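**Q** Just structure19.csv, nothing more (CSV, C-alpha atoms):
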```csv
chain,number,residue,atom,x,y,z
C,211,MET,CA,139.2,171.6,109.8
C,212,THR,CA,141.4,169.0,111.5
C,213,ALA,CA,140.1,168.0,114.9
C,214,PRO,CA,142.5,168.6,117.8
C,215,GLU,CA,144.9,165.8,118.8
C,216,SER,CA,142.8,165.2,122.0
C,217,VAL,CA,140.1,163.8,119.6
C,218,ARG,CA,142.4,162.0,117.1
C,219,ARG,CA,144.8,160.5,119.6
C,220,SER,CA,142.7,159.3,122.5
C,221,LEU,CA,139.8,156.9,122.9
C,222,PRO,CA,136.6,158.8,123.4
C,223,ALA,CA,134.8,158.7,126.7
C,224,GLY,CA,132.1,156.0,126.6
C,225,ALA,CA,134.0,153.9,124.0
C,226,GLN,CA,135.2,150.4,124.9
C,227,LEU,CA,137.8,148.1,123.5
C,228,HIS,CA,137.1,144.4,123.9
C,229,GLN,CA,138.0,141.1,122.5
C,230,TRP,CA,135.5,139.3,120.4
C,231,THR,CA,136.0,135.6,119.7
C,232,ALA,CA,135.4,134.2,116.3
C,233,PRO,CA,133.5,130.9,115.9
C,234,ASP,CA,136.8,129.0,115.5
C,235,GLY,CA,138.2,130.6,118.7
C,236,TRP,CA,140.4,133.3,117.1
C,237,PRO,CA,140.4,136.6,119.1
C,238,LEU,CA,139.6,139.8,117.3
C,239,ARG,CA,140.1,143.3,118.8
C,240,ALA,CA,136.9,145.3,118.6
C,241,PHE,CA,135.8,148.9,119.3
C,242,ALA,CA,132.3,149.8,120.5
C,243,TRP,CA,130.9,153.3,121.1
C,244,PRO,CA,127.2,153.3,121.9
C,245,ALA,CA,125.2,156.4,121.0
C,246,ASP,CA,124.7,158.6,124.1
C,247,THR,CA,121.1,159.4,123.3
C,248,ALA,CA,117.8,157.7,124.3
C,249,SER,CA,116.8,157.8,120.6
C,250,PRO,CA,119.8,156.6,118.5
C,251,ARG,CA,120.1,157.6,114.9
C,252,GLY,CA,121.2,154.0,114.0
C,253,SER,CA,124.4,151.9,114.0
C,254,ILE,CA,127.5,152.0,111.9
C,255,LEU,CA,130.0,149.2,111.5
C,256,PHE,CA,133.2,150.7,110.1
C,257,GLN,CA,135.7,148.3,108.6
C,258,GLY,CA,139.1,149.5,107.5
C,259,GLY,CA,141.6,148.2,105.0
C,260,ARG,CA,144.7,146.0,104.9
C,261,GLY,CA,146.9,146.8,107.8
C,262,ASP,CA,144.4,149.3,109.3
C,263,ILE,CA,143.6,149.9,112.9
C,264,PHE,CA,140.3,151.6,113.9
C,265,GLU,CA,142.2,154.3,115.9
C,266,LYS,CA,143.0,156.0,112.5
C,267,TYR,CA,139.3,156.9,112.1
C,268,LEU,CA,138.5,158.3,115.6
C,269,GLU,CA,138.1,161.8,114.1
C,270,LEU,CA,135.4,160.4,111.8
C,271,PHE,CA,133.8,158.4,114.5
C,272,HIS,CA,133.3,161.6,116.5
C,273,HIS,CA,131.5,163.1,113.6
C,274,TRP,CA,128.9,160.4,113.2
C,275,HIS,CA,128.6,159.7,117.0
C,276,GLY,CA,127.8,163.3,117.4
C,277,GLN,CA,124.8,162.7,115.0
C,278,GLY,CA,123.5,160.0,117.3
C,279,TRP,CA,125.0,156.9,115.6
C,280,THR,CA,126.4,153.9,117.5
C,281,ILE,CA,129.9,153.2,116.2
C,282,THR,CA,131.5,149.7,116.0
C,283,SER,CA,134.6,148.4,114.4
C,284,PHE,CA,137.0,145.4,114.6
C,285,ASP,CA,140.5,144.7,113.3
C,286,TRP,CA,140.6,142.1,110.6
C,287,ARG,CA,142.1,138.7,111.5
C,288,GLY,CA,145.9,138.7,111.3
C,289,GLN,CA,146.4,142.4,111.6
C,290,GLY,CA,146.1,145.3,114.1
C,291,GLY,CA,145.2,143.9,117.5
C,292,SER,CA,143.7,140.7,116.1
C,293,GLY,CA,146.8,138.6,116.2
C,294,ARG,CA,149.2,137.3,113.5
C,295,LEU,CA,149.0,134.2,111.4
C,296,THR,CA,152.7,133.8,110.8
C,297,ASP,CA,155.9,134.0,112.9
C,298,ALA,CA,156.7,137.3,111.2
C,299,ALA,CA,155.1,139.7,113.6
C,300,ASP,CA,154.6,142.5,111.1
C,301,CYS,CA,153.4,140.4,108.1
C,302,GLY,CA,149.7,140.6,107.1
C,303,HIS,CA,148.9,137.0,106.2
C,304,ILE,CA,145.7,135.1,105.4
C,305,GLN,CA,145.2,131.6,104.2
C,306,ASP,CA,142.0,132.3,102.3
C,307,PHE,CA,139.8,135.5,102.1
C,308,ALA,CA,136.9,133.2,103.1
C,309,GLN,CA,138.3,133.4,106.6
C,310,TYR,CA,137.6,137.2,106.6
C,311,ILE,CA,134.1,136.5,105.4
C,312,ASP,CA,133.5,133.9,108.1
C,313,ASP,CA,134.6,136.4,110.8
C,314,PHE,CA,132.4,139.2,109.3
C,315,ARG,CA,129.4,136.9,109.0
C,316,ALA,CA,129.5,136.0,112.7
C,317,PHE,CA,130.4,139.5,113.9
C,318,TYR,CA,127.7,141.1,111.8
C,319,ALA,CA,125.0,138.8,113.0
C,320,GLU,CA,125.8,139.6,116.7
C,321,TRP,CA,126.2,143.3,116.0
C,322,ALA,CA,123.0,143.7,114.1
C,323,ALA,CA,121.0,141.9,116.8
C,324,ALA,CA,122.5,143.9,119.6
C,325,THR,CA,122.4,147.5,118.1
C,326,PRO,CA,119.7,149.9,117.0
C,327,GLY,CA,118.8,150.2,113.4
C,328,PRO,CA,119.1,151.3,110.7
C,329,HIS,CA,122.3,149.4,110.2
C,330,VAL,CA,125.0,150.8,107.9
C,331,VAL,CA,128.3,149.1,107.0
C,332,PHE,CA,131.3,151.1,105.9
C,333,GLY,CA,134.2,149.5,104.1
C,334,HIS,CA,137.5,151.1,103.2
C,335,SER,CA,139.9,149.6,100.7
C,336,MET,CA,140.3,145.8,101.6
C,337,GLY,CA,137.3,146.4,103.9
C,338,GLY,CA,135.3,147.6,101.0
C,339,HIS,CA,136.1,144.5,99.0
C,340,LEU,CA,135.2,142.2,101.9
C,341,VAL,CA,132.0,144.1,102.7
C,342,LEU,CA,130.8,143.9,99.0
C,343,ARG,CA,131.8,140.3,98.8
C,344,ALA,CA,129.8,139.5,102.0
C,345,LEU,CA,126.7,141.2,100.5
C,346,VAL,CA,127.0,139.4,97.2
C,347,GLU,CA,127.3,136.1,99.0
C,348,GLY,CA,124.3,136.9,101.2
C,349,VAL,CA,126.3,137.0,104.4
C,350,ALA,CA,124.8,140.2,105.6
C,351,ARG,CA,122.0,142.6,104.5
C,352,PRO,CA,122.4,146.0,106.1
C,353,ASP,CA,120.1,148.9,105.3
C,354,ALA,CA,122.9,150.7,103.4
C,355,VAL,CA,126.6,150.4,102.6
C,356,VAL,CA,129.4,153.0,102.0
C,357,LEU,CA,132.5,151.8,100.1
C,358,VAL,CA,135.5,154.1,100.3
C,359,ALA,CA,138.3,153.5,97.7
C,360,PRO,CA,137.3,149.8,97.7
C,361,MET,CA,139.9,147.3,96.7
C,362,LEU,CA,138.1,145.8,93.7
C,363,GLY,CA,141.2,145.5,91.6
C,364,PHE,CA,145.0,145.8,91.8
C,365,HIS,CA,147.4,147.9,89.7
C,366,ALA,CA,149.1,145.0,88.0
C,367,ILE,CA,151.7,144.8,85.2
C,368,GLY,CA,149.9,143.4,82.1
C,369,GLY,CA,146.4,143.6,83.8
C,370,ALA,CA,144.6,141.4,86.3
C,371,TRP,CA,145.0,138.1,84.5
C,372,ILE,CA,148.8,138.4,84.1
C,373,GLY,CA,149.1,139.9,87.5
C,374,GLU,CA,147.4,136.9,89.1
C,375,LYS,CA,149.6,134.5,87.1
C,376,LEU,CA,152.7,136.2,88.2
C,377,ALA,CA,151.6,136.3,91.9
C,378,ASN,CA,151.0,132.6,91.8
C,379,LEU,CA,154.3,131.9,90.1
C,380,LEU,CA,156.4,134.0,92.5
C,381,GLY,CA,154.4,133.4,95.6
C,382,ASN,CA,154.3,129.6,95.4
C,383,VAL,CA,158.1,129.3,95.2
C,384,GLY,CA,159.0,128.5,98.8
C,385,ASP,CA,156.9,129.6,101.8
C,386,SER,CA,153.9,131.6,100.6
C,387,SER,CA,153.4,133.0,104.1
C,388,ARG,CA,156.6,135.0,103.7
C,389,PRO,CA,156.3,138.8,103.2
C,390,ALA,CA,155.7,139.7,99.6
C,391,TRP,CA,157.9,142.7,99.8
C,392,LYS,CA,159.9,144.5,102.5
C,393,THR,CA,158.8,148.2,102.5
C,394,ASN,CA,156.1,150.6,101.4
C,395,GLU,CA,152.5,149.8,100.7
C,396,LYS,CA,153.2,148.3,97.3
C,397,PRO,CA,156.3,147.0,95.5
C,398,TYR,CA,158.3,148.6,92.7
C,399,THR,CA,157.5,152.2,93.6
C,400,THR,CA,159.5,155.2,94.6
C,401,GLU,CA,156.5,157.0,95.7
C,402,SER,CA,156.4,157.5,99.5
C,403,ARG,CA,153.8,155.8,101.7
C,404,PHE,CA,152.6,159.2,102.8
C,405,ASN,CA,151.9,160.3,99.2
C,406,LEU,CA,150.1,157.0,98.4
C,407,LEU,CA,147.7,157.4,101.3
C,408,THR,CA,146.9,161.1,101.8
C,409,HIS,CA,148.0,164.7,101.2
C,410,ASP,CA,147.4,165.7,104.8
C,411,PRO,CA,150.5,165.4,107.0
C,412,ASP,CA,148.7,165.8,110.3
C,413,ARG,CA,146.2,163.0,109.7
C,414,TYR,CA,149.0,160.8,108.3
C,415,SER,CA,151.0,161.4,111.5
C,416,ASP,CA,148.1,160.2,113.6
C,417,GLU,CA,148.6,156.6,112.3
C,418,LEU,CA,152.3,156.8,113.1
C,419,TRP,CA,151.6,158.1,116.6
C,420,TRP,CA,149.2,155.3,117.4
C,421,LYS,CA,151.7,152.7,116.2
C,422,GLU,CA,154.5,154.3,118.1
C,423,GLN,CA,152.4,154.1,121.3
C,424,HIS,CA,151.3,150.6,120.5
C,425,PRO,CA,153.9,148.9,118.2
C,426,GLU,CA,152.1,145.6,118.5
C,427,LEU,CA,149.3,147.0,116.3
C,428,ALA,CA,151.5,147.7,113.3
C,429,THR,CA,151.2,145.5,110.3
C,430,GLY,CA,153.7,145.7,107.5
C,431,SER,CA,153.6,144.2,104.0
C,432,PRO,CA,151.2,141.4,103.1
C,433,SER,CA,152.3,137.8,102.6
C,434,TRP,CA,152.5,136.3,99.2
C,435,ASN,CA,149.5,134.2,99.9
C,436,TRP,CA,147.5,137.3,100.8
C,437,VAL,CA,148.4,138.7,97.4
C,438,ILE,CA,147.4,135.5,95.7
C,439,GLN,CA,144.2,135.3,97.5
C,440,GLY,CA,143.5,139.0,96.9
C,441,PHE,CA,143.8,138.5,93.1
C,442,LYS,CA,141.6,135.4,93.4
C,443,SER,CA,138.9,137.1,95.5
C,444,ASN,CA,138.8,140.1,93.2
C,445,ARG,CA,138.5,137.8,90.1
C,446,GLU,CA,135.6,135.8,91.6
C,447,LEU,CA,133.8,139.0,92.8
C,448,ARG,CA,134.3,140.6,89.4
C,449,ASN,CA,132.9,137.6,87.6
C,450,SER,CA,129.9,137.0,90.0
C,451,PRO,CA,126.5,137.3,88.3
C,452,LYS,CA,125.1,138.1,91.8
C,453,LEU,CA,126.5,141.7,91.5
C,454,LYS,CA,123.5,142.6,89.3
C,455,THR,CA,121.0,141.4,92.0
C,456,MET,CA,122.7,142.8,95.1
C,457,ASP,CA,120.2,145.6,95.7
C,458,VAL,CA,121.4,147.0,99.1
C,459,PRO,CA,121.9,150.8,98.5
C,460,VAL,CA,125.6,151.6,98.0
C,461,LEU,CA,127.5,154.8,98.0
C,462,MET,CA,130.9,154.3,96.5
C,463,LEU,CA,133.7,156.9,96.8
C,464,ILE,CA,136.4,156.5,94.2
C,465,ALA,CA,139.8,158.2,94.1
C,466,GLU,CA,140.7,158.3,90.4
C,467,ALA,CA,144.4,159.0,91.2
C,468,ASP,CA,144.5,156.1,93.6
C,469,GLY,CA,148.0,154.6,93.6
C,470,LEU,CA,147.2,151.5,95.7
C,471,VAL,CA,144.0,150.0,94.2
C,472,ASP,CA,142.5,150.2,90.7
C,473,PRO,CA,139.8,152.9,90.6
C,474,LYS,CA,138.7,151.8,87.1
C,475,ALA,CA,138.0,148.3,88.4
C,476,ALA,CA,135.9,149.8,91.2
C,477,ALA,CA,133.9,152.0,88.8
C,478,ALA,CA,133.3,149.0,86.5
C,479,ILE,CA,131.8,147.0,89.4
C,480,GLY,CA,129.9,149.9,90.7
C,481,ALA,CA,128.2,150.3,87.4
C,482,ARG,CA,126.9,146.8,87.6
C,483,LEU,CA,125.2,147.2,91.0
C,484,PRO,CA,121.5,148.0,90.7
C,485,ASP,CA,121.4,150.6,93.4
C,486,ALA,CA,124.7,152.4,93.6
C,487,ARG,CA,125.8,156.0,93.5
C,488,MET,CA,129.5,156.7,92.6
C,489,VAL,CA,131.3,159.9,93.7
C,490,ARG,CA,134.7,160.5,92.1
C,491,PHE,CA,137.6,162.5,93.4
C,492,GLY,CA,140.5,163.6,91.1
C,493,LYS,CA,144.2,164.2,91.8
C,494,GLU,CA,143.3,166.1,94.9
C,495,SER,CA,142.7,162.8,96.7
C,496,ALA,CA,145.0,159.8,97.4
C,497,HIS,CA,143.8,156.5,98.6
C,498,GLU,CA,142.5,157.5,102.1
C,499,ILE,CA,139.7,159.8,101.0
C,500,LEU,CA,138.3,160.1,104.5
C,501,ARG,CA,141.7,161.0,105.9
C,502,GLU,CA,142.6,163.6,103.2
C,503,GLY,CA,142.8,167.3,103.5
C,504,ASP,CA,139.8,169.2,104.7
C,505,LYS,CA,138.5,170.1,101.2
C,506,VAL,CA,138.4,166.4,100.1
C,507,ARG,CA,137.3,165.0,103.4
C,508,ASN,CA,134.5,167.5,104.0
C,509,ARG,CA,133.1,166.8,100.5
C,510,ALA,CA,133.2,163.0,101.2
C,511,ILE,CA,131.6,163.4,104.6
C,512,GLY,CA,128.9,165.6,103.1
C,513,GLU,CA,128.1,163.0,100.4
C,514,ILE,CA,127.9,160.3,103.1
C,515,ASP,CA,125.7,162.3,105.3
C,516,LEU,CA,123.3,163.0,102.4
C,517,PHE,CA,123.3,159.3,101.5
C,518,LEU,CA,122.6,158.3,105.1
C,519,GLN,CA,119.8,160.8,105.4
C,520,ALA,CA,118.2,159.5,102.2
C,521,ARG,CA,118.8,155.8,102.4
C,522,ALA,CA,119.2,154.9,106.0
C,523,GLN,CA,116.1,156.1,107.8
C,524,ARG,CA,114.4,154.3,110.7
C,525,LYS,CA,111.7,152.0,109.4
```
Can the structure from this file be put into structure tokens for me?
**A**
Amino acid sequence: MTAPESVRRSLPAGAQLHQWTAPDGWPLRAFAWPADTASPRGSILFQGGRGDIFEKYLELFHHWHGQGWTITSFDWRGQGGSGRLTDAADCGHIQDFAQYIDDFRAFYAEWAAATPGPHVVFGHSMGGHLVLRALVEGVARPDAVVLVAPMLGFHAIGGAWIGEKLANLLGNVGDSSRPAWKTNEKPYTTESRFNLLTHDPDRYSDELWWKEQHPELATGSPSWNWVIQGFKSNRELRNSPKLKTMDVPVLMLIAEADGLVDPKAAAAIGARLPDARMVRFGKESAHEILREGDKVRNRAIGEIDLFLQARAQRK
């Protein structure tokens, strides 16, 4: 059942927000909640998607912290509390996805050295893409990885090749740092943002509440360059021969009715990984599997807990 608002809409006792500085000096907002036991179960680094803030996941953090895990997260560069890269305060811009990877590399190294093992990385949506890319590039080697509705392909008119060509054509006319569209989570849709993300109104309202309390954390549409770089990074990851040798254990949760990212692309990549288990959800789940109604969410958490029990034990 849904946790009370006191859990979902307040920072837990013992957790800290702090500023972490990337190697190039850029400030990133981070969350740290050490396990309150003398014998921690391990450490989880939870990375959200495009436009996410870690406050959306406090209900989940309580679950794993209660099992003895140390929980850590940070807002990706250019969104949430980690600043903006354009004059448009609500635009999610990036010059190159490699900047995300550079931030992750440095943060992960410090985190893994400072927290108890085993080390598990979670990645939702864009975070799932970036985590898998980081593993394939050898940036990090955790004990296990959970990818939730990973952004491994876009829904594009005519497919990925034509979609990337159109993005470059449209985005490179004028300033590519301008917002790619004005409203919603994707262009050319009449489906509401709520329906694209979840079927649970209470959990959806949590995000709105946090952004009403802290409007500086809100991130709107991506820039055209983010879209261009997203297509490019997806293509390069899809074509990487290193997928077949990336042997970190992976649990991939896929929403087959996902309206934001392409679940078929995720399944195709998951099938190429040497040590991956894929769990699929049907029309009962929208994009945010872990913020869905209790039936979906509880099944997802149960799958994750079993995976952690089997694949993320102390060595």
**Q** Separation of CA of Arg448 (chain C) and CA of Ile479 (chain C), in Å?
**A**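 For CA of Arg448 (chain C) relative to CA of Ile479 (chain C), the distance reads 6.9 Å.
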**Q** At most 12 Å is the cut-off: for each residue in region 333-444 of chain C with any atom that close to an atom of region 505-512 of chain C, write down the nearest atom pair and the distance in Å rounded to one decimal, counting only C-alpha atoms, chain first then increasing number, as JSON lines.
**A**
```
{"residue": "C:Val356", "atom": "CA", "partner": "C:Ala510", "partner_atom": "CA", "distance": 10.7}
{"residue": "C:Leu357", "atom": "CA", "partner": "C:Ala510", "partner_atom": "CA", "distance": 11.3}
{"residue": "C:Val358", "atom": "CA", "partner": "C:Ala510", "partner_atom": "CA", "distance": 9.2}
{"residue": "C:Ala359", "atom": "CA", "partner": "C:Ala510", "partner_atom": "CA", "distance": 11.3}
{"residue": "C:Thr408", "atom": "CA", "partner": "C:Val506", "partner_atom": "CA", "distance": 10.2}
{"residue": "C:His409", "atom": "CA", "partner": "C:Val506", "partner_atom": "CA", "distance": 9.8}
{"residue": "C:Asp410", "atom": "CA", "partner": "C:Val506", "partner_atom": "CA", "distance": 10.2}
{"residue": "C:Arg413", "atom": "CA", "partner": "C:Arg507", "partner_atom": "CA", "distance": 11.1}
```
**Q** Go through C:Met361, C:Cys301, C:Ala428, C:Ala486 and flag the residue nearest Gly338 (chain C), using all atoms listed in the file for the distances.
**A** C:Met361
**Q** Excluding Phe491 (chain C) and its own-chain neighbours fewer than 3 positions away, which residues fall within 7 Å of it when counting all atoms listed in the file? Please give them as an mmCIF file with C-alpha atoms, keeping the file's coordinate frame.
**A**
```
data_model
loop_
_atom_site.group_PDB
_atom_site.id
_atom_site.type_symbol
_atom_site.label_atom_id
_atom_site.label_comp_id
_atom_site.auth_asym_id
_atom_site.auth_seq_id
_atom_site.Cartn_x
_atom_site.Cartn_y
_atom_site.Cartn_z
ATOM 1 C CA ILE C 464 136.400 156.500 94.200
ATOM 2 C CA ALA C 465 139.800 158.200 94.100
ATOM 3 C CA GLU C 466 140.700 158.300 90.400
ATOM 4 C CA GLU C 494 143.300 166.100 94.900
ATOM 5 C CA SER C 495 142.700 162.800 96.700
#
```
**Q** Could you check how far CA of Glu269 (chain C) sits from CA of Trp321 (chain C), in Å to one decimal?
**A**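 Separation between CA of Glu269 (chain C) and CA of Trp321 (chain C): 22.1 Å.
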**Q** For Gln309 (chain C), which residue among C:Thr455, C:Gln519, C:Ser443, C:Asn405 is the nearest when counting only C-alpha atoms?
**A**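 Of C:Thr455, C:Gln519, C:Ser443, C:Asn405, the one nearest Gln309 (chain C) is C:Ser443, counting only C-alpha atoms.
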**Q** For Gly259 (chain C), please output as a list in words all residues within 6 Å (counting only C-alpha atoms; exclusion window: fewer than 6 positions along the same chain).
**A**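 Close residues of Gly259 (chain C): His334, Ser335, Met336 and Gly337 of chain C.
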**Q** Between CA of Leu453 (chain C) and CA of Leu518 (chain C), what is the distance, to one decimal in Å?
**A**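 Taking CA of Leu453 (chain C) as the start and CA of Leu518 (chain C) as the end point, the length is 21.8 Å.
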**Q** Could you list as a ChimeraX atom specification every residue that has an atom within 6 Å of (140.2, 148.4, 92.3), using the file's coordinates and counting all atoms listed in the file?
**A** /C:361-364,471-473,475-476
**Q** The selected residues should be written to file as a JSON list (two decimals), in the frame of the given file (atoms: C-alpha atoms).
**A**
```json
[["chain", "number", "residue", "atom", "x", "y", "z"],
["C", 361, "MET", "CA", 139.90, 147.30, 96.70],
["C", 362, "LEU", "CA", 138.10, 145.80, 93.70],
["C", 363, "GLY", "CA", 141.20, 145.50, 91.60],
["C", 364, "PHE", "CA", 145.00, 145.80, 91.80],
["C", 471, "VAL", "CA", 144.00, 150.00, 94.20],
["C", 472, "ASP", "CA", 142.50, 150.20, 90.70],
["C", 473, "PRO", "CA", 139.80, 152.90, 90.60],
["C", 475, "ALA", "CA", 138.00, 148.30, 88.40],
["C", 476, "ALA", "CA", 135.90, 149.80, 91.20]]
```
**Q** Would you kindly return, as a tab-separated table (two decimals) with C-alpha atoms, in the coordinates of the input, each protein, DNA or RNA residue with an atom no farther than 12 Å from any atom of Glu320 (chain C), considering all atoms listed in the file and excluding same-chain residues fewer than 6 positions away?
**A**
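File part37.tsv, as written:
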```tsv
chain	number	residue	atom	x	y	z
C	230	TRP	CA	135.50	139.30	120.40
C	231	THR	CA	136.00	135.60	119.70
C	232	ALA	CA	135.40	134.20	116.30
C	233	PRO	CA	133.50	130.90	115.90
C	255	LEU	CA	130.00	149.20	111.50
C	282	THR	CA	131.50	149.70	116.00
C	313	ASP	CA	134.60	136.40	110.80
C	314	PHE	CA	132.40	139.20	109.30
C	326	PRO	CA	119.70	149.90	117.00
C	350	ALA	CA	124.80	140.20	105.60
```
**Q** Find the spatial neighbours of Ser249 (chain C), counting all atoms listed in the file, within a cut-off of 8 Å - ignore same-chain residues fewer than 2 positions away - and output them as a ChimeraX atom specification.
**A** /C:247,251,278
**Q** Please provide as an MDAnalysis selection string all residues within 9 Å of Ala390 (chain C), with the sequence filter that same-chain residues fewer than 2 positions apart are discarded (counting all atoms listed in the file).
**A** chainID C and resid 301 381 386:388 392 397 431:437
**Q** Of the candidates C:Glu502, C:Arg239, C:Thr212, C:Ala245, which one gets nearest to Gly224 (chain C) if we count all atoms listed in the file?
**A**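 Between C:Glu502, C:Arg239, C:Thr212, C:Ala245, the residue approaching Gly224 (chain C) most closely is C:Ala245.
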**Q** Rank C:Ile263, C:Ala370, C:His497, C:Leu238 by their smallest atom-to-atom distance to Ala316 (chain C), using all atoms listed in the file, and report the top residue only.
**A** C:Leu238
**Q** With only C-alpha atoms as the atoms that count, which of C:Pro425, C:Glu417, C:Gly276, C:Val346 lies nearest to Lys454 (chain C)?
**A**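 That would be C:Val346, the residue with the smallest distance to Lys454 (chain C).
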**Q** Which residue out of C:Asp353, C:Asp297, C:Asp285, C:Glu446 has the minimum interatomic distance to His339 (chain C) when all atoms listed in the file are used?
**A**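 Between C:Asp353, C:Asp297, C:Asp285, C:Glu446, the residue approaching His339 (chain C) most closely is C:Glu446.
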**Q** Please write as a list in words the list of polymer residues whose atoms come within 9 Å of (145.9, 157.4, 112.2), counting all atoms listed in the file and keeping to the coordinates of the file.
**A**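 Using all atoms listed in the file, the matching residues come out as Arg218, Arg219, Asp262, Ile263, Phe264, Glu265, Lys266, Tyr267, Leu268, Arg413, Tyr414, Ser415, Asp416, Glu417, Leu418, Trp419, Trp420, Lys421 and Arg501 of chain C.
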**Q** Write a file of the just-selected residues containing C-alpha atoms, as a compact mmCIF listing (two decimals), in the frame of the given file.
**A**
```
# COMPACT_ATOMS: atom_id res chain seq x y z
CA ARG C 218 142.40 162.00 117.10
CA ARG C 219 144.80 160.50 119.60
CA ASP C 262 144.40 149.30 109.30
CA ILE C 263 143.60 149.90 112.90
CA PHE C 264 140.30 151.60 113.90
CA GLU C 265 142.20 154.30 115.90
CA LYS C 266 143.00 156.00 112.50
CA TYR C 267 139.30 156.90 112.10
CA LEU C 268 138.50 158.30 115.60
CA ARG C 413 146.20 163.00 109.70
CA TYR C 414 149.00 160.80 108.30
CA SER C 415 151.00 161.40 111.50
CA ASP C 416 148.10 160.20 113.60
CA GLU C 417 148.60 156.60 112.30
CA LEU C 418 152.30 156.80 113.10
CA TRP C 419 151.60 158.10 116.60
CA TRP C 420 149.20 155.30 117.40
CA LYS C 421 151.70 152.70 116.20
CA ARG C 501 141.70 161.00 105.90
```
